[in-house]
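Pasted below: final-v2.txt, compact mmCIF, C-alpha atoms.
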```
# COMPACT_ATOMS: atom_id res chain seq x y z
CA ALA A 66 -64.47 -4.65 87.69
CA LEU A 67 -60.93 -5.76 87.79
CA PRO A 68 -58.83 -5.05 90.76
CA ILE A 69 -56.44 -2.16 90.38
CA TYR A 70 -53.58 -4.57 90.04
CA GLY A 71 -55.44 -6.27 87.23
CA GLU A 72 -55.79 -3.00 85.38
CA VAL A 73 -52.12 -2.20 85.87
CA GLY A 74 -51.21 -5.71 84.78
CA ARG A 75 -53.37 -5.43 81.69
CA TYR A 76 -51.91 -2.02 80.95
CA LYS A 77 -48.40 -3.45 81.36
CA LEU A 78 -49.26 -6.34 79.02
CA GLU A 79 -50.74 -4.00 76.46
CA HIS A 80 -47.74 -1.71 76.81
CA GLN A 81 -45.35 -4.69 76.36
CA HIS A 82 -47.34 -5.81 73.30
CA VAL A 83 -47.24 -2.29 71.82
CA GLU A 84 -43.50 -2.09 72.59
CA SER A 85 -43.00 -5.50 70.99
CA LEU A 86 -44.94 -4.40 67.88
CA ARG A 87 -42.98 -1.17 67.82
CA ALA A 88 -39.67 -3.05 68.12
CA GLU A 89 -40.71 -5.41 65.29
CA GLU A 90 -41.71 -2.44 63.11
CA ILE A 91 -38.41 -0.67 63.86
CA LEU A 92 -36.51 -3.87 62.98
CA ARG A 93 -38.52 -4.28 59.76
CA LEU A 94 -37.91 -0.63 58.82
CA GLU A 95 -34.18 -0.88 59.65
CA THR A 96 -33.94 -4.02 57.46
CA GLN A 97 -35.82 -2.27 54.67
CA LYS A 98 -33.61 0.79 55.10
CA ALA A 99 -30.44 -1.37 54.84
CA ARG A 100 -31.80 -3.15 51.73
CA LEU A 101 -32.77 0.18 50.10
CA LYS A 102 -29.36 1.66 50.97
CA LYS A 103 -27.65 -1.34 49.37
CA GLU A 104 -29.89 -0.96 46.30
CA LEU A 105 -29.10 2.76 46.16
CA ASP A 106 -25.36 2.06 46.41
CA ASN A 107 -25.64 -0.47 43.55
CA LEU A 108 -27.59 2.03 41.44
CA LEU A 109 -25.05 4.77 42.18
CA GLN A 110 -22.24 2.41 41.18
CA LEU A 111 -24.09 1.54 37.95
CA LEU A 112 -24.66 5.23 37.30
CA SER A 113 -20.99 6.00 37.86
CA SER A 114 -19.99 3.15 35.55
CA SER A 115 -22.49 4.35 32.95
CA GLU A 116 -21.13 7.88 33.21
CA ASP A 117 -17.59 6.55 32.69
CA GLN A 118 -18.71 4.55 29.68
CA THR A 119 -20.60 7.55 28.33
CA ALA A 120 -17.48 9.69 28.70
CA LEU A 121 -15.40 7.06 26.89
CA LEU A 122 -17.99 6.78 24.12
CA ARG A 123 -18.14 10.57 23.84
CA GLN A 124 -14.34 10.72 23.55
CA HIS A 125 -14.39 7.93 20.95
CA LEU A 126 -17.11 9.76 19.02
CA LEU A 127 -15.10 13.01 19.07
CA GLU A 128 -12.04 11.14 17.75
CA ARG A 129 -14.16 9.60 14.97
CA GLU A 130 -15.58 13.02 14.10
CA ASP A 131 -12.03 14.43 13.88
CA MET A 132 -11.00 11.53 11.64
CA LEU A 133 -14.08 12.05 9.47
CA SER A 134 -13.40 15.77 9.20
CA SER A 135 -9.79 15.09 8.26
CA THR A 136 -10.90 12.51 5.70
CA ARG A 137 -13.40 15.00 4.24
CA ASP A 138 -10.63 17.59 3.95
CA GLN A 139 -8.34 15.08 2.25
CA MET A 140 -11.14 14.05 -0.12
CA GLY A 141 -11.69 17.72 -0.98
CA LEU A 142 -8.01 18.11 -1.80
CA LEU A 143 -8.00 14.92 -3.86
CA ILE A 144 -11.08 16.02 -5.80
CA SER A 145 -9.45 19.39 -6.46
CA ARG A 146 -6.26 17.68 -7.67
CA LEU A 147 -8.33 15.32 -9.82
CA ARG A 148 -10.08 18.28 -11.46
CA ASP A 149 -6.71 19.93 -12.08
CA CYS A 150 -5.46 16.68 -13.66
CA GLU A 151 -8.57 16.47 -15.83
CA GLN A 152 -7.93 20.00 -17.08
CA GLU A 153 -4.31 19.11 -17.80
CA VAL A 154 -5.40 16.01 -19.72
CA LEU A 155 -7.83 18.10 -21.78
CA LEU A 156 -5.07 20.61 -22.56
CA VAL A 157 -2.62 17.83 -23.49
CA ASN A 158 -5.27 16.25 -25.73
CA GLU A 159 -5.78 19.58 -27.49
CA GLU A 160 -2.03 19.97 -27.91
CA LEU A 161 -1.80 16.42 -29.29
CA LYS A 162 -4.55 17.19 -31.82
CA LEU A 163 -2.65 20.29 -32.93
CA VAL A 164 0.65 18.37 -33.14
CA LYS A 165 -1.06 15.61 -35.13
CA GLU A 166 -2.56 18.15 -37.50
CA VAL A 167 0.81 19.88 -37.95
CA GLU A 168 2.54 16.53 -38.52
CA GLN A 169 -0.13 15.47 -41.01
CA ASN A 170 0.38 18.76 -42.88
CA ARG A 171 4.16 18.24 -42.85
CA LEU A 172 3.72 14.68 -44.12
CA LYS A 173 1.38 15.88 -46.87
CA THR A 174 3.84 18.61 -47.85
CA ALA A 175 6.75 16.14 -47.78
CA GLN A 176 4.74 13.70 -49.93
CA GLU A 177 3.97 16.47 -52.42
CA GLU A 178 7.63 17.52 -52.49
CA LEU A 179 8.67 13.88 -52.92
CA GLY A 180 6.19 13.53 -55.82
CA GLN A 181 7.63 16.64 -57.49
CA GLU A 182 11.15 15.37 -56.90
CA ASN A 183 10.19 11.96 -58.37
CA ARG A 184 8.72 13.70 -61.47
CA ARG A 185 11.89 15.77 -61.92
CA LEU A 186 14.05 12.68 -61.50
CA GLN A 187 11.85 10.80 -63.97
CA GLU A 188 12.24 13.69 -66.45
CA LEU A 189 16.01 13.53 -65.96
CA VAL A 190 16.00 9.77 -66.46
CA ASP A 191 13.84 10.19 -69.56
CA ASN A 192 16.15 12.91 -70.88
CA LEU A 193 19.22 10.78 -70.16
CA ASN A 194 17.59 7.79 -71.87
CA GLY A 195 16.86 10.03 -74.86
CA GLU A 196 20.48 11.21 -74.95
CA VAL A 197 21.73 7.63 -74.66
CA ALA A 198 19.40 6.57 -77.47
CA ARG A 199 20.77 9.29 -79.77
CA PHE A 200 24.28 7.99 -79.42
```

Turn the structure described in the file into structure tokens.
Amino acid sequence: ALPIYGEVGRYKLEHQHVESLRAEEILRLETQKARLKKELDNLLQLLSSSEDQTALLRQHLLEREDMLSSTRDQMGLLISRLRDCEQEVLLVNEELKLVKEVEQNRLKTAQEELGQENRRLQELVDNLNGEVARF
């Protein structure tokens, strides 16, 4: 058996060793805590930056959607105008066909009248030639 001082001394040594281990563990945990806090801060900063970028992208997307909507509206108006123009072209083509037909009829009538006039003039010339021949 150890003397009482030996037991106390051993207890003190064991207590110092346990305190030393405890101090090392506290230091290790504090270091780990500091590293994890730094990591967390970095992640929070990345998250904040990502949120800012997401907000900018969302705003950009909304602007693009507005532009697309406006372009769709303009295309709708252009298509409507194009259809109106097509209808006008069809109407003008029909009118041109009618005008052509009327003009062809007028030309035919004028040609017939000219033929009749030529025959009358030829009759007059023939009659005048006959009169001249009698003298």

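As for CA of Leu155 (chain A) and CA of Leu143 (chain A), they are spaced 18.2 Å apart.
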
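Across the structure, CA of Lys173 (chain A) and CA of Leu161 (chain A) are spaced 17.9 Å apart.
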
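Note that the spacing between CA of Leu108 (chain A) and CA of Gln124 (chain A) amounts to 23.9 Å.
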
Missing atoms in region 147-158 of chain A: fill them in up to all heavy atoms and send the result as a short mmCIF file (atom, residue, chain, number, x, y, z; two decimals), keeping the file's coordinate frame.
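Dumped to selection.cif:
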```
data_model
loop_
_atom_site.label_atom_id
_atom_site.label_comp_id
_atom_site.auth_asym_id
_atom_site.auth_seq_id
_atom_site.Cartn_x
_atom_site.Cartn_y
_atom_site.Cartn_z
N LEU A 147 -7.78 16.09 -8.71
CA LEU A 147 -8.33 15.32 -9.82
C LEU A 147 -8.87 16.26 -10.90
O LEU A 147 -8.63 16.05 -12.09
CB LEU A 147 -9.44 14.39 -9.32
CG LEU A 147 -10.12 13.51 -10.36
CD1 LEU A 147 -9.10 12.58 -11.02
CD2 LEU A 147 -11.23 12.69 -9.73
N ARG A 148 -9.56 17.30 -10.49
CA ARG A 148 -10.08 18.28 -11.46
C ARG A 148 -8.94 18.97 -12.19
O ARG A 148 -9.01 19.19 -13.40
CB ARG A 148 -10.98 19.28 -10.76
CG ARG A 148 -12.31 18.69 -10.35
CD ARG A 148 -13.25 19.70 -9.76
NE ARG A 148 -14.50 19.06 -9.40
CZ ARG A 148 -15.16 19.31 -8.29
NH1 ARG A 148 -14.73 20.20 -7.44
NH2 ARG A 148 -16.29 18.68 -8.03
N ASP A 149 -7.89 19.31 -11.43
CA ASP A 149 -6.71 19.93 -12.08
C ASP A 149 -6.11 18.97 -13.10
O ASP A 149 -5.75 19.38 -14.22
CB ASP A 149 -5.65 20.29 -11.03
CG ASP A 149 -6.09 21.45 -10.13
OD1 ASP A 149 -7.08 22.13 -10.47
OD2 ASP A 149 -5.44 21.65 -9.08
N CYS A 150 -6.01 17.69 -12.74
CA CYS A 150 -5.46 16.68 -13.66
C CYS A 150 -6.35 16.54 -14.89
O CYS A 150 -5.85 16.41 -16.01
CB CYS A 150 -5.31 15.33 -12.96
SG CYS A 150 -3.96 15.28 -11.76
N GLU A 151 -7.66 16.56 -14.69
CA GLU A 151 -8.57 16.47 -15.83
C GLU A 151 -8.35 17.63 -16.79
O GLU A 151 -8.32 17.44 -18.01
CB GLU A 151 -10.04 16.47 -15.35
CG GLU A 151 -10.49 15.17 -14.73
CD GLU A 151 -11.90 15.25 -14.15
OE1 GLU A 151 -12.35 16.36 -13.79
OE2 GLU A 151 -12.55 14.19 -14.08
N GLN A 152 -8.18 18.82 -16.24
CA GLN A 152 -7.93 20.00 -17.08
C GLN A 152 -6.61 19.85 -17.83
O GLN A 152 -6.52 20.17 -19.02
CB GLN A 152 -7.92 21.29 -16.23
CG GLN A 152 -9.28 21.70 -15.72
CD GLN A 152 -10.26 21.93 -16.85
OE1 GLN A 152 -9.95 22.56 -17.86
NE2 GLN A 152 -11.45 21.38 -16.70
N GLU A 153 -5.59 19.34 -17.14
CA GLU A 153 -4.31 19.11 -17.80
C GLU A 153 -4.44 18.10 -18.92
O GLU A 153 -3.88 18.27 -20.00
CB GLU A 153 -3.26 18.64 -16.79
CG GLU A 153 -2.74 19.75 -15.89
CD GLU A 153 -1.65 19.26 -14.95
OE1 GLU A 153 -0.73 18.55 -15.43
OE2 GLU A 153 -1.72 19.58 -13.77
N VAL A 154 -5.20 17.03 -18.69
CA VAL A 154 -5.40 16.01 -19.72
C VAL A 154 -6.11 16.62 -20.92
O VAL A 154 -5.73 16.36 -22.07
CB VAL A 154 -6.21 14.81 -19.15
CG1 VAL A 154 -6.73 13.90 -20.25
CG2 VAL A 154 -5.34 14.01 -18.18
N LEU A 155 -7.12 17.44 -20.67
CA LEU A 155 -7.83 18.10 -21.78
C LEU A 155 -6.88 18.99 -22.58
O LEU A 155 -6.90 18.99 -23.81
CB LEU A 155 -9.01 18.91 -21.25
CG LEU A 155 -10.18 18.10 -20.68
CD1 LEU A 155 -11.22 19.04 -20.06
CD2 LEU A 155 -10.82 17.23 -21.74
N LEU A 156 -6.03 19.73 -21.87
CA LEU A 156 -5.07 20.61 -22.56
C LEU A 156 -4.07 19.79 -23.38
O LEU A 156 -3.76 20.12 -24.53
CB LEU A 156 -4.32 21.49 -21.55
CG LEU A 156 -5.15 22.59 -20.89
CD1 LEU A 156 -4.32 23.28 -19.80
CD2 LEU A 156 -5.63 23.60 -21.90
N VAL A 157 -3.57 18.70 -22.78
CA VAL A 157 -2.62 17.83 -23.49
C VAL A 157 -3.29 17.22 -24.71
O VAL A 157 -2.68 17.14 -25.79
CB VAL A 157 -2.06 16.75 -22.54
CG1 VAL A 157 -1.34 15.66 -23.31
CG2 VAL A 157 -1.14 17.39 -21.50
N ASN A 158 -4.55 16.80 -24.58
CA ASN A 158 -5.27 16.25 -25.73
C ASN A 158 -5.39 17.27 -26.85
O ASN A 158 -5.23 16.94 -28.03
CB ASN A 158 -6.67 15.75 -25.31
CG ASN A 158 -6.62 14.40 -24.62
OD1 ASN A 158 -5.65 13.67 -24.74
ND2 ASN A 158 -7.67 14.09 -23.88
#
```
